[in-house]
file work_0.cif (mmCIF, C-alpha atoms)
data_query
#
loop_
_atom_site.label_atom_id
_atom_site.label_comp_id
_atom_site.auth_asym_id
_atom_site.auth_seq_id
_atom_site.Cartn_x
_atom_site.Cartn_y
_atom_site.Cartn_z
CA MET Q 1 71.30 73.47 59.23
CA HIS Q 2 70.29 72.22 62.64
CA VAL Q 3 66.77 70.85 63.16
CA ASP Q 4 65.82 69.63 66.61
CA THR Q 5 62.46 68.39 67.90
CA ALA Q 6 60.28 69.53 65.04
CA SER Q 7 57.93 67.86 62.58
CA ASP Q 8 57.02 68.15 58.92
CA VAL Q 9 60.27 69.85 57.92
CA THR Q 10 61.30 70.12 54.26
CA LEU Q 11 64.70 71.18 52.95
CA ARG Q 12 64.35 71.54 49.19
CA ASN Q 13 67.17 72.55 46.83
CA CYS Q 14 69.24 73.95 49.67
CA GLU Q 15 73.00 74.42 49.61
CA VAL Q 16 75.64 74.48 52.30
CA VAL Q 17 79.06 75.92 51.46
CA TRP Q 18 82.03 76.08 53.80
CA GLY Q 19 83.91 79.34 53.32
CA SER Q 20 86.54 78.07 55.72
CA VAL Q 21 86.94 74.92 57.77
CA GLN Q 22 86.53 75.41 61.51
CA ASP Q 23 86.77 72.75 64.21
CA ASN Q 24 83.19 73.31 65.30
CA PHE Q 25 81.76 73.16 61.79
CA SER Q 26 80.24 69.75 61.24
CA HIS Q 27 77.48 68.18 59.12
CA ALA Q 28 75.68 70.14 56.42
CA VAL Q 29 72.41 69.05 58.02
CA GLU Q 30 71.85 67.63 61.46
CA ALA Q 31 68.37 66.47 62.43
CA ILE Q 32 67.53 65.34 65.93
CA ASP Q 33 64.17 63.82 66.76
CA VAL Q 34 62.46 65.17 63.62
CA ASP Q 35 59.25 63.56 62.36
CA GLY Q 36 58.55 63.92 58.66
CA LEU Q 37 61.90 65.27 57.50
CA VAL Q 38 62.12 65.60 53.71
CA ILE Q 39 65.43 66.52 52.10
CA GLU Q 40 65.37 67.01 48.34
CA GLY Q 41 68.21 68.22 46.11
CA LEU Q 42 70.65 69.08 48.89
CA ARG Q 43 73.98 70.39 47.67
CA GLY Q 44 76.98 70.37 49.96
CA GLU Q 45 79.10 68.09 52.10
CA ALA Q 46 80.11 67.97 55.72
CA ALA Q 47 82.82 70.36 56.82
CA HIS Q 48 85.28 67.57 57.61
CA PRO Q 49 86.19 64.33 55.81
CA GLY Q 50 84.59 61.25 57.31
CA LEU Q 51 81.44 63.03 58.45
CA ASP Q 52 78.11 62.48 56.74
CA ALA Q 53 76.58 65.45 54.98
CA VAL Q 54 73.28 64.60 56.63
CA HIS Q 55 73.20 63.24 60.13
CA GLN Q 56 69.87 62.12 61.58
CA HIS Q 57 69.42 60.79 65.09
CA MET K 1 43.02 121.98 54.35
CA THR K 2 44.69 123.70 57.29
CA THR K 3 48.44 124.09 57.42
CA THR K 4 49.85 125.28 60.70
CA ASP K 5 53.43 126.36 61.36
CA ILE K 6 54.48 125.57 64.93
CA ARG K 7 56.20 128.98 65.10
CA GLU K 8 52.76 130.59 64.85
CA HIS K 9 52.02 128.97 68.21
CA GLY K 10 55.24 130.10 69.86
CA ALA K 11 57.84 127.49 69.01
CA THR K 12 61.29 129.07 69.25
CA GLY K 13 63.49 126.59 67.42
CA ASP K 14 66.44 127.64 69.53
CA GLY K 15 67.26 124.04 70.47
CA VAL K 16 67.19 124.94 74.16
CA THR K 17 63.64 125.90 75.02
CA ASN K 18 61.11 123.11 75.44
CA ASP K 19 58.81 123.81 72.49
CA ALA K 20 56.36 121.05 73.40
CA PRO K 21 53.59 123.44 74.58
CA ALA K 22 53.75 125.34 71.28
CA ILE K 23 53.83 122.19 69.16
CA GLN K 24 50.92 120.73 71.11
CA ALA K 25 48.97 123.97 70.69
CA ALA K 26 49.50 123.75 66.94
CA ILE K 27 48.33 120.12 66.87
CA ASP K 28 45.29 120.90 68.99
CA ALA K 29 44.36 123.87 66.80
CA CYS K 30 44.72 121.83 63.64
CA HIS K 31 42.62 119.04 65.12
CA ALA K 32 39.96 121.50 66.25
CA ALA K 33 39.80 122.91 62.74
CA GLY K 34 38.96 119.48 61.38
CA GLY K 35 42.47 118.35 60.52
CA GLY K 36 45.39 119.30 58.33
CA THR K 37 49.14 119.59 58.49
CA VAL K 38 51.30 120.81 61.35
CA VAL K 39 54.63 121.92 59.93
CA VAL K 40 57.96 121.75 61.73
CA PRO K 41 59.83 124.22 59.51
CA SER K 42 63.33 123.78 58.16
CA GLY K 43 66.43 125.51 59.38
CA ALA K 44 66.08 124.95 63.11
CA THR K 45 66.10 122.41 65.93
CA TYR K 46 62.97 122.29 68.03
CA LEU K 47 63.53 120.75 71.44
CA THR K 48 60.49 119.00 72.79
CA GLY K 49 59.11 116.75 75.48
CA SER K 50 56.00 114.62 75.01
CA ILE K 51 53.53 115.67 72.34
CA GLU K 52 50.27 113.94 71.40
CA LEU K 53 49.02 113.54 67.85
CA LYS K 54 45.30 113.95 67.30
CA SER K 55 42.91 112.61 64.67
CA PHE K 56 43.26 113.94 61.11
CA VAL K 57 46.57 115.64 61.88
CA GLU K 58 49.74 115.16 59.86
CA LEU K 59 52.93 116.15 61.63
CA HIS K 60 55.27 117.23 58.84
CA VAL K 61 58.94 117.64 59.68
CA GLU K 62 60.45 119.55 56.81
CA ARG K 63 63.75 118.55 55.25
CA GLY K 64 66.36 120.46 57.25
CA ALA K 65 64.28 120.57 60.43
CA THR K 66 64.97 118.59 63.58
CA LEU K 67 62.46 117.68 66.24
CA ALA K 68 64.75 116.84 69.14
CA GLY K 69 63.68 114.89 72.20
CA SER K 70 64.56 116.48 75.49
CA GLY K 71 67.10 114.97 77.84
CA VAL K 72 65.08 116.14 80.85
CA ASP K 73 62.76 113.56 82.40
CA ALA K 74 60.27 116.20 83.55
CA ASP K 75 59.65 117.27 79.94
CA TYR K 76 58.02 113.91 79.26
CA THR K 77 54.41 114.19 80.33
CA THR K 78 53.41 110.85 78.82
CA GLU K 79 54.45 107.73 80.67
CA ILE K 80 53.26 104.18 80.20
CA GLU K 81 53.54 100.91 82.10
CA VAL K 82 55.08 98.39 79.72
CA SER K 83 56.40 94.84 79.86
CA ALA K 84 59.24 95.54 77.45
CA LEU K 85 61.80 96.04 80.19
CA SER K 86 60.69 93.23 82.52
CA SER K 87 61.04 90.04 80.47
CA GLY K 88 57.68 90.37 78.76
CA VAL K 89 55.67 90.51 81.98
CA LEU K 90 54.25 93.64 83.57
CA ASN K 91 56.00 94.47 86.81
CA PRO K 92 54.39 97.26 88.84
CA ALA K 93 57.67 97.74 90.68
CA ASN K 94 59.35 98.91 87.48
CA ASP K 95 59.59 102.55 86.50
CA HIS K 96 57.25 103.50 83.69
CA ALA K 97 58.58 104.19 80.22
CA LEU K 98 58.13 107.58 78.56
CA ALA K 99 56.97 108.66 75.11
CA LEU K 100 58.12 111.49 72.87
CA ILE K 101 55.45 111.41 70.14
CA TRP K 102 52.32 109.71 71.37
CA ALA K 103 48.78 109.13 70.14
CA ARG K 104 45.89 107.15 71.55
CA ASP K 105 42.72 106.04 69.75
CA ALA K 106 43.25 108.53 66.94
CA GLU K 107 42.36 108.08 63.30
CA HIS K 108 44.03 109.36 60.16
CA VAL K 109 47.31 110.38 61.75
CA ALA K 110 50.58 110.83 59.94
CA ILE K 111 54.22 111.67 60.55
CA THR K 112 55.88 112.78 57.33
CA GLY K 113 58.66 114.86 55.85
CA ALA K 114 62.36 114.29 55.26
CA GLY K 115 63.42 116.02 58.47
CA THR K 116 64.89 114.40 61.57
CA ILE K 117 63.27 113.20 64.76
CA ASP K 118 65.89 112.77 67.48
CA GLY K 119 64.97 110.24 70.18
CA ALA K 120 67.46 111.64 72.73
CA GLY K 121 68.96 108.25 73.55
CA ARG K 122 72.36 109.67 74.47
CA HIS K 123 70.78 111.53 77.39
CA PHE K 124 69.59 108.28 79.00
CA VAL K 125 72.81 106.26 79.18
CA ASP K 126 74.03 105.33 82.64
CA SER K 127 77.20 103.54 81.60
CA ASP K 128 79.02 102.01 78.66
CA ASN K 129 79.97 98.39 79.22
CA GLY K 130 82.01 98.16 76.05
CA TYR K 131 79.57 96.41 73.75
CA ILE K 132 76.30 97.57 75.31
CA TYR K 133 75.07 100.53 77.32
CA ARG K 134 73.24 100.26 80.63
CA CYS K 135 70.20 102.52 80.83
CA PRO K 136 67.36 103.32 83.22
CA ASN K 137 63.82 102.10 82.51
CA ARG K 138 62.55 105.67 82.41
CA ARG K 139 63.43 106.60 78.87
CA PRO K 140 61.26 107.52 75.92
CA PHE K 141 59.84 105.56 73.06
CA THR K 142 60.46 107.91 70.13
CA VAL K 143 57.04 107.24 68.55
CA PHE K 144 54.35 105.32 70.44
CA LEU K 145 50.91 105.13 68.83
CA THR K 146 48.17 103.03 70.43
CA GLY K 147 44.75 102.10 69.11
CA CYS K 148 45.09 104.25 66.00
CA THR K 149 43.63 103.62 62.55
CA ARG K 150 44.81 104.83 59.15
CA VAL K 151 48.36 105.57 60.26
CA THR K 152 51.02 106.83 57.85
CA MET K 153 54.73 107.31 58.49
CA ARG K 154 56.67 108.46 55.49
CA ASP K 155 60.17 109.78 54.68
CA VAL K 156 61.24 110.82 58.18
CA ARG K 157 64.66 110.04 59.62
CA LEU K 158 64.59 108.90 63.22
CA VAL K 159 67.89 108.95 65.10
CA ASP K 160 69.26 108.04 68.53
CA ALA K 161 66.32 106.08 69.90
CA ALA K 162 66.32 105.58 73.66
CA LEU K 163 63.87 102.66 73.58
CA TRP K 164 61.79 101.06 70.82
CA CYS K 165 61.98 103.75 68.14
CA VAL K 166 58.60 103.24 66.50
CA ARG K 167 56.11 101.31 68.63
CA LEU K 168 52.70 100.74 67.13
CA THR K 169 50.28 98.99 69.46
CA GLY K 170 46.75 98.08 68.43
CA CYS K 171 47.00 100.03 65.19
CA VAL K 172 45.03 99.05 62.09
CA ASP K 173 45.68 99.97 58.46
CA VAL K 174 49.22 101.25 58.73
CA LEU K 175 51.69 102.36 56.07
CA VAL K 176 55.34 102.86 57.03
CA HIS K 177 57.22 103.85 53.92
CA SER K 178 60.67 105.14 53.13
CA ILE K 179 61.69 106.00 56.67
CA THR K 180 65.22 105.78 58.00
CA ILE K 181 66.02 104.66 61.53
CA ASP K 182 69.59 105.22 62.69
CA ALA K 183 70.09 104.30 66.33
CA ASP K 184 73.25 103.59 68.30
CA LEU K 185 74.24 99.94 67.77
CA LYS K 186 75.20 99.68 71.46
CA TYR K 187 71.82 100.87 72.72
CA PRO K 188 69.75 98.11 74.43
CA ASN K 189 66.03 97.88 73.67
CA ALA K 190 66.44 100.40 70.87
CA ASP K 191 64.38 98.36 68.40
CA GLY K 192 63.61 99.92 65.04
CA ILE K 193 59.93 99.18 64.47
CA ASP K 194 57.73 97.13 66.80
CA LEU K 195 54.29 96.04 65.64
CA ASP K 196 52.35 95.01 68.73
CA ARG K 197 48.80 93.71 68.25
CA CYS K 198 48.59 95.46 64.87
CA ARG K 199 46.70 94.48 61.74
CA GLN K 200 46.95 95.35 58.06
CA VAL K 201 50.41 96.86 58.16
CA ARG K 202 52.73 97.56 55.23
CA ILE K 203 56.38 98.41 55.89
CA SER K 204 58.30 99.19 52.72
CA ASP K 205 61.50 100.79 51.44
CA CYS K 206 63.00 101.49 54.85
CA GLU K 207 66.61 101.57 56.03
CA ILE K 208 67.00 100.55 59.67
CA SER K 209 70.16 100.28 61.74
CA CYS K 210 69.79 99.83 65.49
CA GLY K 211 71.02 98.10 68.59
CA ASP K 212 68.08 95.84 69.22
CA ASP K 213 65.76 94.12 66.75
CA ALA K 214 65.33 96.14 63.56
CA ILE K 215 61.74 94.98 62.99
CA SER K 216 59.87 92.95 65.59
CA LEU K 217 56.31 91.63 65.62
CA LYS K 218 54.80 91.16 69.03
CA THR K 219 51.68 90.70 71.12
CA CYS K 220 52.70 92.18 74.45
CA GLU K 221 50.94 91.60 77.73
CA GLU K 222 49.73 95.17 78.10
CA PHE K 223 46.85 96.39 75.91
CA PRO K 224 45.15 92.94 75.49
CA GLN K 225 42.04 94.68 74.16
CA TYR K 226 43.71 95.07 70.76
CA GLY K 227 43.86 91.36 69.96
CA ILE K 228 46.36 89.65 67.72
CA THR K 229 48.98 90.73 65.19
CA GLU K 230 48.07 89.71 61.65
CA ASP K 231 48.28 90.60 57.97
CA ILE K 232 51.72 92.17 57.89
CA VAL K 233 53.89 92.86 54.83
CA ILE K 234 57.54 93.90 55.12
CA THR K 235 59.38 94.50 51.87
CA ASN K 236 62.28 96.29 50.20
CA CYS K 237 64.17 97.09 53.39
CA THR K 238 67.87 97.20 54.26
CA LEU K 239 68.51 96.21 57.85
CA GLN K 240 71.25 96.02 60.47
CA SER K 241 70.88 95.03 64.11
CA THR K 242 73.03 94.06 67.05
CA SER K 243 70.29 91.50 67.68
CA SER K 244 67.76 90.23 65.06
CA ALA K 245 67.08 91.96 61.76
CA VAL K 246 63.51 90.70 61.52
CA VAL K 247 61.93 88.70 64.32
CA VAL K 248 58.44 87.44 64.89
CA GLY K 249 58.37 87.40 68.69
CA VAL K 250 59.61 86.97 71.30
CA ASP K 251 56.98 88.77 73.42
CA ALA K 252 53.78 87.03 72.35
CA VAL K 253 50.96 86.31 74.73
CA ALA K 254 48.51 86.23 71.78
CA ASP K 255 48.72 84.95 68.22
CA ILE K 256 50.69 86.34 65.28
CA ARG K 257 49.80 85.16 61.79
CA ASN K 258 49.90 85.96 58.09
CA VAL K 259 53.27 87.66 57.77
CA VAL K 260 55.27 88.17 54.58
CA VAL K 261 58.87 89.40 54.59
CA SER K 262 60.46 89.83 51.16
CA ASN K 263 63.18 91.60 49.21
CA CYS K 264 65.25 92.56 52.23
CA VAL K 265 69.01 92.74 52.70
CA VAL K 266 70.39 92.10 56.18
CA ARG K 267 73.94 93.16 56.96
CA GLY K 268 76.24 92.86 59.97
CA SER K 269 73.62 91.46 62.35
CA HIS K 270 73.70 89.03 65.25
CA ARG K 271 70.74 87.10 63.83
CA GLY K 272 68.93 87.38 60.51
CA LEU K 273 65.38 86.17 59.90
CA ALA K 274 63.83 84.82 63.07
CA VAL K 275 60.65 83.30 64.43
CA ASN K 276 61.22 83.19 68.15
CA LEU K 277 58.28 82.18 70.30
CA GLY K 278 58.70 82.42 74.06
CA GLN K 279 55.18 82.91 75.40
CA GLU K 280 51.73 81.38 75.01
CA GLY K 281 50.74 82.89 71.65
CA ASN K 282 50.73 80.80 68.49
CA PHE K 283 52.55 81.77 65.28
CA SER K 284 51.32 80.62 61.86
CA ASN K 285 51.70 81.38 58.18
CA ILE K 286 54.99 83.25 58.09
CA LEU K 287 56.80 83.61 54.80
CA PHE K 288 60.33 84.93 54.16
CA SER K 289 61.45 85.19 50.55
CA ASP K 290 64.11 86.72 48.33
CA CYS K 291 66.44 87.98 51.03
CA ILE K 292 70.19 88.29 51.45
CA VAL K 293 71.47 87.79 54.98
CA GLU K 294 74.86 88.32 56.60
CA THR K 295 75.19 87.41 60.28
CA ARG K 296 78.11 87.10 62.63
CA HIS K 297 78.98 86.30 66.23
CA PHE K 298 79.14 89.13 68.73
CA SER K 299 79.00 89.81 72.46
CA ASP K 300 76.48 87.59 74.28
CA ASP K 301 75.10 90.72 75.92
CA TRP K 302 72.94 90.61 72.80
CA TRP K 303 70.52 87.89 71.74
CA GLY K 304 71.59 85.94 68.70
CA HIS K 305 74.67 83.97 67.78
CA GLY K 306 75.18 84.49 64.08
CA GLU K 307 72.17 82.41 62.95
CA PRO K 308 70.93 83.57 59.52
CA ILE K 309 67.65 81.68 59.94
CA TYR K 310 66.12 80.89 63.31
CA VAL K 311 62.89 79.17 64.33
CA SER K 312 62.42 78.39 68.00
CA ALA K 313 59.60 77.64 70.43
CA VAL K 314 60.84 77.42 73.99
CA PRO K 315 59.21 78.84 77.13
CA TRP K 316 60.49 82.18 78.38
CA HIS K 317 58.71 81.54 81.65
CA ASP K 318 56.20 78.71 82.23
CA LYS K 319 54.43 78.11 78.90
CA VAL K 320 54.86 78.42 75.17
CA GLY K 321 52.56 78.18 72.13
CA LYS K 322 53.04 76.52 68.76
CA ILE K 323 54.66 77.52 65.48
CA THR K 324 53.12 76.21 62.25
CA ASN K 325 53.76 76.90 58.58
CA VAL K 326 56.95 78.90 58.30
CA ARG K 327 58.74 79.09 54.97
CA PHE K 328 62.07 80.50 53.85
CA ARG K 329 62.49 80.70 50.07
CA ASN K 330 65.29 82.11 47.92
CA ILE K 331 67.62 83.12 50.72
CA LEU K 332 71.33 83.76 50.19
CA ALA K 333 73.16 83.77 53.52
CA ARG K 334 76.75 84.28 54.56
CA SER K 335 77.10 83.62 58.23
CA GLU K 336 79.24 82.46 61.11
CA ASN K 337 76.60 80.00 62.27
CA GLY K 338 74.02 77.74 60.71
CA ALA K 339 70.25 77.83 60.45
CA TYR K 340 68.54 76.72 63.67
CA ILE K 341 65.08 75.18 63.89
CA ALA K 342 63.98 73.71 67.21
CA GLY K 343 61.10 73.14 69.59
CA HIS K 344 61.22 72.64 73.31
CA GLU K 345 59.12 69.50 72.94
CA LYS K 346 57.32 67.60 70.20
CA GLY K 347 54.43 69.33 68.48
CA LEU K 348 55.60 72.89 69.05
CA VAL K 349 57.29 73.43 65.66
CA THR K 350 55.50 71.99 62.63
CA GLY K 351 55.55 72.68 58.92
CA VAL K 352 58.86 74.40 58.21
CA VAL K 353 60.15 74.65 54.64
CA LEU K 354 63.54 75.90 53.49
CA GLU K 355 63.62 76.10 49.70
CA ASN K 356 66.47 77.44 47.58
CA VAL K 357 68.35 78.49 50.67
CA ARG K 358 72.13 78.82 50.33
CA ILE K 359 74.21 79.20 53.45
CA GLU K 360 77.91 79.92 53.25
CA LEU K 361 79.47 79.34 56.64
CA ASP K 362 82.67 81.15 57.40
CA ARG K 363 84.41 82.93 60.25
CA TRP K 364 85.57 86.53 60.09
CA THR K 365 85.23 87.68 63.71
CA SER K 366 87.16 86.52 66.75
CA TRP K 367 84.09 86.01 68.93
CA PRO K 368 83.62 82.45 70.24
CA GLY K 369 81.38 80.22 68.14
CA GLY K 370 80.17 76.64 68.27
CA GLU K 371 76.84 77.41 69.90
CA TYR K 372 73.33 78.53 69.11
CA ASP K 373 71.58 81.04 71.36
CA ARG K 374 68.23 79.83 72.66
CA ARG K 375 67.36 82.80 74.81
CA PRO K 376 64.98 83.74 76.32
CA PHE K 377 64.99 80.08 77.36
CA GLU K 378 66.25 80.08 80.93
CA GLN K 379 66.90 76.42 81.59
CA GLY K 380 70.50 75.91 80.65
CA ARG K 381 72.52 74.32 77.94
CA ARG K 382 71.62 71.48 75.68
CA SER K 383 74.46 69.80 73.86
CA THR K 384 74.49 68.37 70.38
CA SER K 385 77.31 67.22 68.17
CA THR K 386 77.03 70.34 66.03
CA PRO K 387 77.02 73.88 67.39
CA ARG K 388 75.38 73.76 70.75
CA PRO K 389 72.43 75.83 71.90
CA VAL K 390 73.53 78.24 74.55
CA CYS K 391 71.68 80.01 77.29
CA THR K 392 73.20 82.45 79.70
CA SER K 393 71.97 83.88 82.92
CA THR K 394 72.73 87.43 81.84
CA PRO K 395 69.57 89.57 81.86
CA PRO K 396 69.04 89.91 78.13
CA PRO K 397 67.97 92.85 76.04
CA THR K 398 64.66 92.30 74.28
#
call {"tool": "encode", "arguments": {"input": "work_0.cif", "output": "structure tokens"}}
result
Amino acid sequence: MHVDTASDVTLRNCEVVWGSVQDNFSHAVEAIDVDGLVIEGLRGEAAHPGLDAVHQH
Amino acid sequence: MTTTDIREHGATGDGVTNDAPAIQAAIDACHAAGGGTVVVPSGATYLTGSIELKSFVELHVERGATLAGSGVDADYTTEIEVSALSSGVLNPANDHALALIWARDAEHVAITGAGTIDGAGRHFVDSDNGYIYRCPNRRPFTVFLTGCTRVTMRDVRLVDAALWCVRLTGCVDVLVHSITIDADLKYPNADGIDLDRCRQVRISDCEISCGDDAISLKTCEEFPQYGITEDIVITNCTLQSTSSAVVVGVDAVADIRNVVVSNCVVRGSHRGLAVNLGQEGNFSNILFSDCIVETRHFSDDWWGHGEPIYVSAVPWHDKVGKITNVRFRNILARSENGAYIAGHEKGLVTGVVLENVRIELDRWTSWPGGEYDRRPFEQGRRSTSTPRPVCTSTPPPT
């Protein structure tokens, strides 16, 4: 889930599942420049070890 | 109530003769009698050019009958200047589009029956580029109704659209129920249903498979007198598109609001549920719920890049409006790309909720991935650490 330059965004009880692992698969959620991001009850990890499930910047 | 058989007005049904004058005579007679049903009888193919529906007339295509659009340009007596083939902006230098079944400012009109309406798309293909055809601008909308009230479309099967298959512009109080649209998946601009500046519309129980967007809500530049698009319900549909299955936008010079999309299944599409704002209209109060979506990568001749959910506000040309209050609830997606929510600058996308959304990302095609498609945005790439938005310079289908 990629959120970029948005505000008041809620992800509630969402789930990210990787059916296969691809090089360009990354975080479960990436948020860039998002004001008012609420994440509740997220299920799922990043596609690759060492990456955060949620990456905000 | 009057029932008129088109054969009584000279229709031959030989599949060769242009029966448009006979069909039009039947419609005109029915209208003059105060309304009723014009029957296209079973067991034959009736070739036709442009025909115009009139108030209080139901065009009934019987099961086993085919109303077939002509492949001859001169048979189309209705032509319209549209922005659909010039990036959302009217261009007087462009050829006009044509219309097969047309109505203007009529009330109580209907197209019914389990027969087939053939949009003649195959006759307007210039070349096959492998994954998309190239076509001239002069080709017919299959159904194009403008400024009509109390519109019903029910049960008909529409095949081989050459342009938007069902275009409703400025129509109020519309029911589209249980129709099938089966267009060539390589046909550009062959949308399924386009609601342009329409109000109080219910689309239900339809099966749509087509090259361009299966269902699209718009406010196009032409016909500004009809105002905004609002109060739209889309439910119980199965959809497939080489572009977006359901999209609010992208042509939107006026507002679109109060839209509910529910109980739909999207298969084999380039993009699933989309809110794509590229012009100065504003979008608000858009609700998607209880849908299953499967999207995959495909040729970038087509907009989309496997996104199951897509919300975007970026300028197609010089300005763009705002998106507020968009919700996706109870969505099960299997896709080759993730959900994408983005604005061109702060304040353009506000109030987005994803609730009980499951996305299973996988790869099953060999098309390149790792990018989102931000078209019609024309200002190049923008990199992120996850799949990157992409924009190409290829003139896109709409």
call {"tool": "resolve_selection", "arguments": {"input": "work_0.cif", "expression": "the PyMOL selection byres ((chain Q and resi 14) around 9)", "output": "mmCIF file with C-alpha atoms, keeping the file's coordinate frame"}}
result
data_model
loop_
_atom_site.group_PDB
_atom_site.id
_atom_site.type_symbol
_atom_site.label_atom_id
_atom_site.label_comp_id
_atom_site.auth_asym_id
_atom_site.auth_seq_id
_atom_site.Cartn_x
_atom_site.Cartn_y
_atom_site.Cartn_z
ATOM 1 C CA LEU Q 11 64.700 71.180 52.950
ATOM 2 C CA ARG Q 12 64.350 71.540 49.190
ATOM 3 C CA ASN Q 13 67.170 72.550 46.830
ATOM 4 C CA GLU Q 15 73.000 74.420 49.610
ATOM 5 C CA VAL Q 16 75.640 74.480 52.300
ATOM 6 C CA ILE Q 39 65.430 66.520 52.100
ATOM 7 C CA GLU Q 40 65.370 67.010 48.340
ATOM 8 C CA GLY Q 41 68.210 68.220 46.110
ATOM 9 C CA LEU Q 42 70.650 69.080 48.890
ATOM 10 C CA ARG Q 43 73.980 70.390 47.670
ATOM 11 C CA GLY Q 44 76.980 70.370 49.960
ATOM 12 C CA LEU K 354 63.540 75.900 53.490
ATOM 13 C CA GLU K 355 63.620 76.100 49.700
ATOM 14 C CA ASN K 356 66.470 77.440 47.580
ATOM 15 C CA VAL K 357 68.350 78.490 50.670
ATOM 16 C CA ARG K 358 72.130 78.820 50.330
ATOM 17 C CA ILE K 359 74.210 79.200 53.450
#
call {"tool": "closest_residue", "arguments": {"input": "work_0.cif", "among": "K:Ser209, K:Ser86, K:Thr242, K:Ser312", "to": "chain Q", "atoms": "all atoms listed in the file"}}
result
K:Ser312
call {"tool": "residues_around", "arguments": {"input": "work_0.cif", "residues": "Asn276 of chain K", "least_positions_apart": "5", "cutoff": "7 Å", "atoms": "all atoms listed in the file", "output": "list in words"}}
result
Val247, Val248, Gly249, Val250, Val311, Ser312 and Ala313 of chain K
call {"tool": "write_last_selection", "arguments": {"input": "work_0.cif", "atoms": "C-alpha atoms", "output": "mmCIF file, keeping the file's coordinate frame"}}
result
data_model
loop_
_atom_site.group_PDB
_atom_site.id
_atom_site.type_symbol
_atom_site.label_atom_id
_atom_site.label_comp_id
_atom_site.auth_asym_id
_atom_site.auth_seq_id
_atom_site.Cartn_x
_atom_site.Cartn_y
_atom_site.Cartn_z
ATOM 1 C CA VAL K 247 61.930 88.700 64.320
ATOM 2 C CA VAL K 248 58.440 87.440 64.890
ATOM 3 C CA GLY K 249 58.370 87.400 68.690
ATOM 4 C CA VAL K 250 59.610 86.970 71.300
ATOM 5 C CA VAL K 311 62.890 79.170 64.330
ATOM 6 C CA SER K 312 62.420 78.390 68.000
ATOM 7 C CA ALA K 313 59.600 77.640 70.430
#
call {"tool": "resolve_selection", "arguments": {"input": "work_0.cif", "expression": "the PyMOL selection byres ((chain K and resi 229) around 9)", "output": "PyMOL selection string"}}
result
chain K and resi 170+195-200+217-219+226-228+230-232+254-258
call {"tool": "closest_residue", "arguments": {"input": "work_0.cif", "among": "K:Trp367, K:Phe298, K:Cys264, K:Ile309", "to": "chain Q", "atoms": "only C-alpha atoms"}}
result
K:Ile309
call {"tool": "resolve_selection", "arguments": {"input": "work_0.cif", "expression": "the PyMOL selection byres ((chain Q) within 6 of (chain K))", "output": "VMD selection string"}}
result
chain Q and resid 1 to 20 24 26
call {"tool": "residues_around", "arguments": {"input": "work_0.cif", "residues": "Pro49 of chain Q", "least_positions_apart": "4", "cutoff": "12 Å", "atoms": "all atoms listed in the file", "output": "list of chain:residue names"}}
result
Q:Val21, Q:Asp23, Q:Phe25, Q:Ser26, Q:His27, Q:Glu45, Q:Ala53
call {"tool": "residues_around", "arguments": {"input": "work_0.cif", "residues": "segment 135-145 of chain K", "least_positions_apart": "6", "cutoff": "8 Å", "atoms": "only C-alpha atoms", "output": "ChimeraX atom specification"}}
result
/K:69,73,76,85,94-104,118-119,121,124-127,161-169,171,188
call {"tool": "atom_distance", "arguments": {"input": "work_0.cif", "atom1": "atom CA of Cys220 of chain K", "atom2": "atom CA of Gly281 of chain K"}}
result
9.9 Å
call {"tool": "residues_near_point", "arguments": {"input": "work_0.cif", "point": "(69.0, 86.9, 54.3)", "cutoff": "7 Å", "atoms": "all atoms listed in the file", "output": "list in words"}}
result
Val265, Val266, Gly272, Leu273, Cys291, Ile292, Val293, Glu294, Pro308, Ile331, Leu332 and Ala333 of chain K
call {"tool": "atom_distance", "arguments": {"input": "work_0.cif", "atom1": "atom CA of Cys148 of chain K", "atom2": "atom CA of Ala252 of chain K"}}
result
20.3 Å
call {"tool": "decode", "arguments": {"input": "work_0.cif", "residues": "segment 36-55 of chain Q", "atoms": "C-alpha atoms", "output": "mmCIF file, in the first residue's frame"}}
result
data_model
loop_
_atom_site.group_PDB
_atom_site.id
_atom_site.type_symbol
_atom_site.label_atom_id
_atom_site.label_comp_id
_atom_site.auth_asym_id
_atom_site.auth_seq_id
_atom_site.Cartn_x
_atom_site.Cartn_y
_atom_site.Cartn_z
ATOM 1 C CA GLY Q 36 -2.831 12.301 9.734
ATOM 2 C CA LEU Q 37 -1.984 8.708 8.883
ATOM 3 C CA VAL Q 38 -3.770 6.204 11.137
ATOM 4 C CA ILE Q 39 -2.894 2.515 10.910
ATOM 5 C CA GLU Q 40 -4.941 0.178 13.081
ATOM 6 C CA GLY Q 41 -4.832 -3.622 13.140
ATOM 7 C CA LEU Q 42 -2.487 -4.068 10.188
ATOM 8 C CA ARG Q 43 -1.658 -7.685 9.410
ATOM 9 C CA GLY Q 44 1.360 -8.520 7.308
ATOM 10 C CA GLU Q 45 5.098 -8.020 7.093
ATOM 11 C CA ALA Q 46 7.478 -6.587 4.561
ATOM 12 C CA ALA Q 47 8.313 -8.747 1.580
ATOM 13 C CA HIS Q 48 11.965 -9.107 2.569
ATOM 14 C CA PRO Q 49 13.693 -9.706 5.912
ATOM 15 C CA GLY Q 50 15.192 -6.585 7.442
ATOM 16 C CA LEU Q 51 12.577 -4.238 6.019
ATOM 17 C CA ASP Q 52 9.952 -2.616 8.209
ATOM 18 C CA ALA Q 53 6.359 -3.571 7.560
ATOM 19 C CA VAL Q 54 5.464 0.110 7.709
ATOM 20 C CA HIS Q 55 7.834 2.698 6.360
#
